[in-house]
Structure formats: structure tokens, C-alpha cells
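What follows is entry_17.txt (compact mmCIF, C-alpha atoms).
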```txt
# COMPACT_ATOMS: atom_id res chain seq x y z
CA MET A 1 -26.95 -4.97 3.98
CA LYS A 2 -25.50 -1.88 5.64
CA GLU A 3 -21.82 -1.94 6.60
CA CYS A 4 -21.16 -0.97 10.20
CA VAL A 5 -18.05 1.23 10.46
CA ILE A 6 -18.36 2.26 14.13
CA LYS A 7 -19.86 0.04 16.82
CA VAL A 8 -20.43 1.37 20.34
CA ASP A 9 -21.19 -1.18 23.05
CA ASP A 10 -22.36 -0.22 26.57
CA LEU A 11 -20.15 2.88 26.60
CA TYR A 12 -19.60 4.77 29.84
CA PHE A 13 -17.29 7.73 30.21
CA THR A 14 -16.44 9.63 33.38
CA TYR A 15 -14.31 12.78 33.32
CA PRO A 16 -11.53 13.26 35.91
CA THR A 17 -13.85 15.70 37.70
CA GLY A 18 -16.16 12.78 38.47
CA ILE A 19 -18.91 13.76 36.02
CA THR A 20 -20.24 10.75 34.12
CA ALA A 21 -21.03 12.13 30.66
CA LEU A 22 -21.98 8.90 28.88
CA LYS A 23 -24.15 6.23 30.47
CA GLY A 24 -24.39 2.86 28.77
CA ILE A 25 -24.55 3.94 25.12
CA SER A 26 -24.85 1.28 22.42
CA THR A 27 -25.23 2.22 18.75
CA GLU A 28 -23.80 1.74 15.28
CA ILE A 29 -22.71 4.11 12.51
CA PHE A 30 -23.13 2.86 8.95
CA LYS A 31 -20.98 3.44 5.88
CA GLY A 32 -22.06 6.25 3.55
CA GLU A 33 -24.76 7.68 5.83
CA VAL A 34 -25.06 11.19 7.22
CA THR A 35 -25.84 10.77 10.91
CA ALA A 36 -26.75 13.66 13.20
CA ILE A 37 -26.08 13.58 16.93
CA ILE A 38 -28.53 16.04 18.44
CA GLY A 39 -29.65 17.19 21.87
CA GLN A 40 -29.21 20.06 24.28
CA ASN A 41 -25.87 21.34 25.59
CA GLY A 42 -24.48 18.91 28.14
CA SER A 43 -26.32 15.91 26.74
CA GLY A 44 -23.05 14.18 25.79
CA LYS A 45 -22.95 14.73 22.01
CA THR A 46 -19.35 15.91 21.68
CA THR A 47 -18.12 13.50 24.34
CA LEU A 48 -19.58 10.61 22.34
CA ALA A 49 -18.13 11.83 19.04
CA LYS A 50 -14.66 12.24 20.53
CA HIS A 51 -14.68 8.51 21.27
CA PHE A 52 -15.00 7.79 17.56
CA ASN A 53 -11.51 9.06 16.73
CA GLY A 54 -9.79 8.22 19.99
CA LEU A 55 -9.62 11.70 21.51
CA LEU A 56 -11.36 10.08 24.48
CA LYS A 57 -11.20 6.44 25.56
CA PRO A 58 -14.02 4.53 27.31
CA THR A 59 -14.18 4.32 31.07
CA ARG A 60 -16.22 1.19 30.50
CA GLY A 61 -17.56 -0.56 27.40
CA SER A 62 -16.01 -0.36 23.95
CA VAL A 63 -15.88 1.57 20.69
CA LEU A 64 -14.90 -0.39 17.58
CA VAL A 65 -13.83 1.41 14.39
CA TYR A 66 -13.82 -0.98 11.43
CA GLY A 67 -13.95 -3.84 13.92
CA LYS A 68 -10.95 -2.77 16.01
CA ASP A 69 -11.14 -1.33 19.53
CA THR A 70 -10.03 2.31 19.62
CA ARG A 71 -7.78 1.49 22.59
CA GLN A 72 -5.74 -0.77 20.28
CA TYR A 73 -5.19 1.88 17.58
CA LYS A 74 -2.18 4.14 17.39
CA GLN A 75 -3.53 7.72 17.30
CA ARG A 76 -1.95 8.42 13.90
CA GLU A 77 -3.63 5.33 12.45
CA LEU A 78 -7.04 6.25 13.85
CA VAL A 79 -7.08 9.90 12.73
CA SER A 80 -6.42 8.71 9.19
CA LYS A 81 -9.70 6.78 9.40
CA VAL A 82 -11.85 9.22 11.40
CA GLY A 83 -11.37 12.96 10.84
CA TYR A 84 -12.69 15.47 13.39
CA VAL A 85 -13.49 19.09 12.50
CA PHE A 86 -13.81 21.16 15.67
CA GLN A 87 -16.66 23.57 16.31
CA ASN A 88 -14.40 26.64 16.21
CA PRO A 89 -12.09 26.54 13.16
CA THR A 90 -9.78 29.10 14.75
CA HIS A 91 -8.76 26.40 17.27
CA GLN A 92 -7.69 24.15 14.40
CA LEU A 93 -5.90 26.50 11.96
CA PHE A 94 -2.29 27.49 12.57
CA ASN A 95 -0.40 27.57 9.25
CA THR A 96 0.38 30.70 7.23
CA SER A 97 -1.52 29.78 4.06
CA ILE A 98 -4.42 27.60 3.03
CA GLU A 99 -2.09 25.41 0.98
CA ALA A 100 0.16 24.84 3.97
CA GLU A 101 -2.82 24.17 6.23
CA ILE A 102 -4.24 21.51 3.94
CA ALA A 103 -0.82 19.95 3.34
CA PHE A 104 -0.06 19.58 7.06
CA GLY A 105 -2.18 16.48 7.71
CA PRO A 106 -1.15 14.41 4.66
CA THR A 107 2.51 15.31 5.31
CA ASN A 108 2.26 14.04 8.88
CA LEU A 109 0.77 10.80 7.60
CA GLY A 110 4.13 10.22 5.91
CA LEU A 111 2.97 10.63 2.31
CA ASN A 112 5.50 11.61 -0.35
CA ALA A 113 5.59 15.15 -1.73
CA GLU A 114 3.75 14.29 -4.95
CA GLU A 115 0.86 12.61 -3.17
CA VAL A 116 0.63 15.49 -0.71
CA ARG A 117 0.46 17.93 -3.62
CA GLU A 118 -2.29 15.90 -5.31
CA ARG A 119 -4.37 15.81 -2.13
CA VAL A 120 -3.95 19.54 -1.58
CA GLU A 121 -5.11 20.28 -5.14
CA GLU A 122 -8.05 17.91 -4.78
CA ALA A 123 -9.21 19.53 -1.52
CA ILE A 124 -8.76 23.08 -2.82
CA ARG A 125 -10.79 22.23 -5.92
CA LEU A 126 -13.55 20.37 -4.04
CA PHE A 127 -14.08 23.16 -1.52
CA GLY A 128 -13.77 26.03 -3.99
CA LEU A 129 -10.68 27.58 -2.39
CA GLU A 130 -8.64 28.25 -5.56
CA GLU A 131 -8.71 32.04 -5.20
CA HIS A 132 -7.60 31.87 -1.57
CA ARG A 133 -4.87 29.24 -1.67
CA ASN A 134 -2.06 31.64 -0.64
CA VAL A 135 -4.11 33.58 1.91
CA HIS A 136 -3.52 33.21 5.66
CA PRO A 137 -6.54 31.21 6.94
CA LEU A 138 -7.25 33.68 9.74
CA ARG A 139 -7.68 36.48 7.18
CA LEU A 140 -10.73 34.70 5.75
CA SER A 141 -14.33 35.16 6.88
CA TYR A 142 -15.66 32.67 9.42
CA PRO A 143 -17.57 30.57 6.81
CA TYR A 144 -14.44 30.14 4.71
CA ARG A 145 -12.31 29.36 7.75
CA LYS A 146 -14.75 26.54 8.46
CA LEU A 147 -14.30 25.26 4.91
CA VAL A 148 -10.51 25.36 5.26
CA ALA A 149 -10.76 23.34 8.48
CA ILE A 150 -12.95 20.75 6.75
CA ALA A 151 -10.63 20.69 3.70
CA SER A 152 -7.58 20.15 5.91
CA ILE A 153 -9.18 17.05 7.42
CA TYR A 154 -10.58 15.85 4.10
CA ALA A 155 -7.07 15.90 2.59
CA MET A 156 -6.09 13.08 4.95
CA HIS A 157 -8.76 10.97 3.20
CA PRO A 158 -10.51 9.63 6.30
CA GLU A 159 -13.47 7.41 5.47
CA ILE A 160 -15.43 8.98 8.33
CA MET A 161 -15.71 12.73 8.97
CA ILE A 162 -17.11 14.31 12.12
CA LEU A 163 -18.33 17.91 11.84
CA ASP A 164 -18.92 19.58 15.22
CA GLU A 165 -21.58 22.32 14.92
CA PRO A 166 -20.67 23.16 11.30
CA THR A 167 -23.35 25.85 10.85
CA ILE A 168 -22.92 27.69 14.14
CA ALA A 169 -22.36 31.47 13.69
CA GLN A 170 -22.81 31.15 9.91
CA ASP A 171 -24.69 33.61 7.73
CA PHE A 172 -26.92 32.31 4.93
CA LEU A 173 -24.00 32.04 2.49
CA GLY A 174 -21.99 30.12 5.05
CA TRP A 175 -24.96 27.84 5.76
CA MET A 176 -25.30 27.06 2.04
CA LEU A 177 -21.57 26.31 1.81
CA ILE A 178 -21.85 23.82 4.67
CA PHE A 179 -25.01 22.29 3.14
CA LYS A 180 -23.14 21.79 -0.16
CA THR A 181 -20.07 20.45 1.64
CA VAL A 182 -22.00 17.75 3.50
CA ASN A 183 -23.72 16.69 0.28
CA ASP A 184 -20.38 16.64 -1.56
CA LEU A 185 -18.79 14.51 1.17
CA LYS A 186 -21.66 12.04 0.96
CA SER A 187 -21.44 11.99 -2.85
CA ASN A 188 -17.74 11.17 -2.50
CA GLY A 189 -18.59 8.12 -0.42
CA LYS A 190 -17.72 9.55 3.00
CA THR A 191 -19.53 8.62 6.18
CA VAL A 192 -20.46 11.91 7.85
CA ILE A 193 -21.35 12.49 11.50
CA VAL A 194 -22.78 15.92 12.31
CA ILE A 195 -23.08 17.27 15.85
CA THR A 196 -25.65 20.04 15.58
CA HIS A 197 -28.48 22.11 17.02
CA ASP A 198 -29.52 23.14 13.50
CA MET A 199 -32.78 21.35 12.73
CA LEU A 200 -32.91 22.87 9.24
CA LEU A 201 -29.59 21.18 8.43
CA VAL A 202 -30.94 17.96 9.93
CA SER A 203 -34.07 18.10 7.80
CA THR A 204 -32.20 18.70 4.54
CA VAL A 205 -29.04 16.56 4.56
CA VAL A 206 -29.27 14.00 7.38
CA ASP A 207 -30.27 10.34 6.94
CA ARG A 208 -30.52 9.42 10.60
CA CYS A 209 -30.68 11.12 14.01
CA LEU A 210 -29.27 9.94 17.32
CA VAL A 211 -31.05 11.98 19.98
CA MET A 212 -29.22 12.39 23.30
CA THR A 213 -30.32 13.45 26.77
CA ASP A 214 -28.34 13.17 30.00
CA GLY A 215 -25.60 11.01 28.52
CA LYS A 216 -27.97 8.53 26.88
CA ILE A 217 -29.38 7.97 23.40
CA ILE A 218 -33.14 8.20 23.75
CA ALA A 219 -34.07 7.84 20.08
CA ASP A 220 -32.61 6.60 16.80
CA LYS A 221 -34.86 7.83 14.00
CA THR A 222 -34.94 9.39 10.57
CA PRO A 223 -35.66 13.15 10.53
CA ARG A 224 -39.11 12.43 9.09
CA GLU A 225 -39.88 10.11 12.01
CA LEU A 226 -38.33 12.35 14.65
CA PHE A 227 -40.11 15.59 13.81
CA VAL A 228 -43.55 14.09 14.48
CA ASP A 229 -42.46 12.27 17.65
CA ASP A 230 -43.71 14.72 20.26
CA SER A 231 -42.54 12.64 23.20
CA THR A 232 -38.90 12.56 22.05
CA LEU A 233 -38.95 16.21 20.96
CA LYS A 234 -40.24 17.27 24.36
CA GLN A 235 -37.79 15.12 26.28
CA ALA A 236 -34.81 16.47 24.31
CA PHE A 237 -36.11 20.07 24.17
CA LEU A 238 -36.10 20.07 20.36
CA ARG A 239 -38.34 21.83 17.87
CA PRO A 240 -38.91 20.77 14.25
CA PRO A 241 -37.86 23.16 11.49
CA GLN A 242 -40.42 25.85 10.64
CA ILE A 243 -41.67 24.16 7.49
CA THR A 244 -42.47 20.99 9.44
CA GLN A 245 -44.28 23.02 12.09
CA ILE A 246 -46.38 24.59 9.32
CA ALA A 247 -47.04 21.18 7.78
CA ARG A 248 -48.26 19.81 11.09
CA ARG A 249 -50.78 22.62 11.37
CA LEU A 250 -51.95 22.32 7.76
CA SER A 251 -52.27 18.54 7.98
CA GLU A 252 -55.04 18.99 10.52
CA ASN A 253 -57.31 20.37 7.77
CA ILE A 254 -55.72 19.33 4.46
CA ALA A 255 -55.53 15.59 3.96
CA GLU A 256 -52.97 15.89 1.15
CA ILE A 257 -50.41 17.56 3.45
CA PRO A 258 -48.61 15.05 5.70
CA PRO A 259 -47.37 16.33 9.06
CA ASN A 260 -43.74 15.34 8.42
CA VAL A 261 -42.84 17.57 5.46
CA LEU A 262 -39.11 18.34 5.70
CA THR A 263 -38.35 21.01 3.08
CA VAL A 264 -39.90 24.05 1.45
CA GLU A 265 -39.50 22.37 -1.94
CA GLU A 266 -41.49 19.37 -0.76
CA MET A 267 -44.23 21.63 0.59
CA PHE A 268 -44.35 23.59 -2.68
CA GLU A 269 -44.88 20.40 -4.67
CA LEU A 270 -47.63 19.20 -2.35
CA LEU A 271 -49.48 22.52 -2.41
CA SER A 272 -49.10 22.82 -6.18
CA ALA A 273 -50.61 19.36 -6.64
CA LYS A 274 -53.43 20.26 -4.26
CA LEU A 275 -54.21 23.46 -6.17
CA GLN A 276 -54.17 21.68 -9.52
CA THR A 277 -56.53 19.01 -8.21
CA SER A 278 -58.85 21.63 -6.75
CA SER A 279 -58.98 23.61 -10.01
CA LEU A 280 -60.08 20.49 -11.84
```
Show how you would write the structure in this file as C-alpha cells.
Amino acid sequence: MKECVIKVDDLYFTYPTGITALKGISTEIFKGEVTAIIGQNGSGKTTLAKHFNGLLKPTRGSVLVYGKDTRQYKQRELVSKVGYVFQNPTHQLFNTSIEAEIAFGPTNLGLNAEEVRERVEEAIRLFGLEEHRNVHPLRLSYPYRKLVAIASIYAMHPEIMILDEPTIAQDFLGWMLIFKTVNDLKSNGKTVIVITHDMLLVSTVVDRCLVMTDGKIIADKTPRELFVDDSTLKQAFLRPPQITQIARRLSENIAEIPPNVLTVEEMFELLSAKLQTSSL
């Protein structure tokens, strides 16, 4: 049975400006899964995610993290359970070296010097930052700045990590680094929540999608289910990744090709099997 780590019940949130950004949301996040929150700008994705680590508190309804209402947590206690990596790493980095940046969080959790050092070394090793450890974070390329931001949150050992638009403005190398990072986090037992517009990332690393429109969750599906659900895709103004679009066209004439292919590798295997069968 899946373990629920975040439970959202009838959540409403209204900003001081009077805009109601979340309208009666109920959902659960499960341990060890990679969950994507997707939808157009203004749909409420980031507002919802900021309730998971207490940056925002419900106007109405509740958010429980490990069974405890976020309004009952001290902020320091909650951020040690749910780490949030902001969309723009430049807004998060302020120390003069990568080592210092990664050490900042564990130090503020009150850990002793030896444990802080161990966590810094672990994060530097996991994210491949050995060669850059003494470099000022803002001297790094954007993809590596993003990694440093993720590493600095990881070093606090939260069980849940929220990545806000991790692949935005990334080149291919940066995209591959983020892809590897999400897989590594999952392999290390972390629960990962990704806020993203990147359907390729969704198709390759995500277990489950929460689709949002106008402050509501309109679908809770796997990527394979979502990318053939034309009604939800249209309502949320989403398009499947290119390989799934190709699969949907091919499936009309080739029975062996299902319409919900998610990756190029999967398509290659299907076409190879088809060709081998045809040659026989």
C-alpha cells in the first residue's frame, strides 16, 4: 500500500489582492513517486506547491505533511521535511562558494560541524560538483547553478523535494543533468514533485501527473494515460511530446504501435520488432 506523505483536503487560497488561486483542491502525494504538477501559467501550480512546505498557508481547507497540519509546524521543522528549489537559481544562491552554499542549510538546521561536512561532501559527489566546489555559484553556467541550488536543498536531507521548472532555459546538456538528477533523487528514496511545462521531462521521469486549470485539479493520471486523453489535453492547453504525437499517427495504420508511446527508445523497440516480424 502506498504511503501518503502529503494530503490536501478542500484547499482554497486567496491572495491579499483578492485573487483566489486555488479552489477546493483535494489530492495526495505518495512516498517515493515523481509527481508532476502541470498546466498553463496562472493555473495555480506554484501556489499549490508552496503550500507543501509552508511558504503559503491555506485560506480554507488543510494541507497535512506526514499527518500534521502545516499551520502547526515551525518553519524550520517543515523545510527540513520538504525542500523547495525555486525556478530561478539566482534567486536562491548567495554564498561565495559552492561549498558554503551547500553548507548553509544543514548549518542552520543546527547540525554539528562534522555532520555538515559529511552532507556537503555527499551532495557535491552526488551532483558531480567536485571540480567546482570553491567556485562562486554565480560564475557557473545556468545549468550548473540549477544543480547547486538542488544540491543545497538536498544537503538538508528533506524526504520530499519540489523542483520548480527545473528544465526552463536549459540547453541539452542542462536538460540531461536535470533528467539524471531527478532519477538519482528517486533512486535515493526521495519523493519528488516537479512543476513543469516540459512534456518530454514528464514522459521520461514522471510517475504521475496532476493537471491544473483555473485553480483546480482536472486530472490525476499517469503520463501514458494523459497523453491520449484529448479532452484533458485540450482543456489544459497541453500537447504530448513529439514521439507520442508520432505514435498516435502511426497507430492509425500499424496495429503494433500503441498511441501512448512515451520515449524514442520505446518506439525504436516497437518498430524493430515490427520489421523483424515483417521480414519473417
Just give me the gap between CA of Leu173 (chain A) and CA of Ala151 (chain A) in Å, one decimal is fine.
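For CA of Leu173 (chain A) relative to CA of Ala151 (chain A), the distance reads 17.6 Å.
Distance-wise, CA of Val82 (chain A) and CA of Gly44 (chain A) end up 18.9 Å apart.
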Here is a test: counting all atoms listed in the file, which residue of A:Leu78, A:Val120, A:Ile243, A:Met176 is nearest to Phe227 (chain A)?
A:Ile243
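Closest to Phe86 (chain A) among A:Asp164, A:Glu252, A:Asp220, A:Glu101 is A:Asp164, based on only C-alpha atoms.
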Kindly give the distance, in Å, that separates CA of Arg71 (chain A) and CA of Gly54 (chain A), rounded to a single decimal.
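Spanning CA of Arg71 (chain A) to CA of Gly54 (chain A) is a straight-line distance of 7.5 Å.
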When you look at Tyr144 (chain A) with a cut-off of 12 Å (counting all atoms listed in the file), what residues show up, excluding the ones that are within fewer than 5 positions of it in the same chain? I need them as a PDB file with C-alpha atoms, in the coordinates of the input.
```pdb
ATOM      1  CA  PRO A  89     -12.090  26.540  13.160  1.00  0.00           C
ATOM      2  CA  THR A  90      -9.780  29.100  14.750  1.00  0.00           C
ATOM      3  CA  LEU A  93      -5.900  26.500  11.960  1.00  0.00           C
ATOM      4  CA  ILE A  98      -4.420  27.600   3.030  1.00  0.00           C
ATOM      5  CA  ILE A 124      -8.760  23.080  -2.820  1.00  0.00           C
ATOM      6  CA  PHE A 127     -14.080  23.160  -1.520  1.00  0.00           C
ATOM      7  CA  GLY A 128     -13.770  26.030  -3.990  1.00  0.00           C
ATOM      8  CA  LEU A 129     -10.680  27.580  -2.390  1.00  0.00           C
ATOM      9  CA  GLU A 130      -8.640  28.250  -5.560  1.00  0.00           C
ATOM     10  CA  GLU A 131      -8.710  32.040  -5.200  1.00  0.00           C
ATOM     11  CA  HIS A 132      -7.600  31.870  -1.570  1.00  0.00           C
ATOM     12  CA  ARG A 133      -4.870  29.240  -1.670  1.00  0.00           C
ATOM     13  CA  VAL A 135      -4.110  33.580   1.910  1.00  0.00           C
ATOM     14  CA  HIS A 136      -3.520  33.210   5.660  1.00  0.00           C
ATOM     15  CA  PRO A 137      -6.540  31.210   6.940  1.00  0.00           C
ATOM     16  CA  LEU A 138      -7.250  33.680   9.740  1.00  0.00           C
ATOM     17  CA  ARG A 139      -7.680  36.480   7.180  1.00  0.00           C
ATOM     18  CA  ALA A 149     -10.760  23.340   8.480  1.00  0.00           C
ATOM     19  CA  ILE A 150     -12.950  20.750   6.750  1.00  0.00           C
ATOM     20  CA  ALA A 151     -10.630  20.690   3.700  1.00  0.00           C
ATOM     21  CA  PRO A 166     -20.670  23.160  11.300  1.00  0.00           C
ATOM     22  CA  THR A 167     -23.350  25.850  10.850  1.00  0.00           C
ATOM     23  CA  GLN A 170     -22.810  31.150   9.910  1.00  0.00           C
ATOM     24  CA  ASP A 171     -24.690  33.610   7.730  1.00  0.00           C
ATOM     25  CA  LEU A 173     -24.000  32.040   2.490  1.00  0.00           C
ATOM     26  CA  GLY A 174     -21.990  30.120   5.050  1.00  0.00           C
ATOM     27  CA  TRP A 175     -24.960  27.840   5.760  1.00  0.00           C
ATOM     28  CA  MET A 176     -25.300  27.060   2.040  1.00  0.00           C
ATOM     29  CA  LEU A 177     -21.570  26.310   1.810  1.00  0.00           C
ATOM     30  CA  ILE A 178     -21.850  23.820   4.670  1.00  0.00           C
ATOM     31  CA  THR A 181     -20.070  20.450   1.640  1.00  0.00           C
TER      32      THR A 181
END
```
Could you give me, as a VMD selection string, the residues that have an atom at most 10 Å away from the point (-29.1, 2.7, 19.7) in the coordinates of the file, using all atoms listed in the file?
chain A and resid 8 to 9 25 to 29 210 to 211 216 to 221
Hey, can I get the axis-aligned box for region 236-246 of chain A? All listed atoms, 4 Å padding on each side, centre and edge lengths in Å to one decimal, as AutoDock Vina command-line options.
```
--center_x -40.6 --center_y 21.2 --center_z 15.9 --size_x 19.6 --size_y 17.4 --size_z 24.8
```
Selection near Leu201 (chain A), 8 Å with all atoms listed in the file, sequence-local residues under 4 positions removed, as a list in words:
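Residues near the query, excluding close chain neighbours: Phe179, Val205 and Val206 of chain A.
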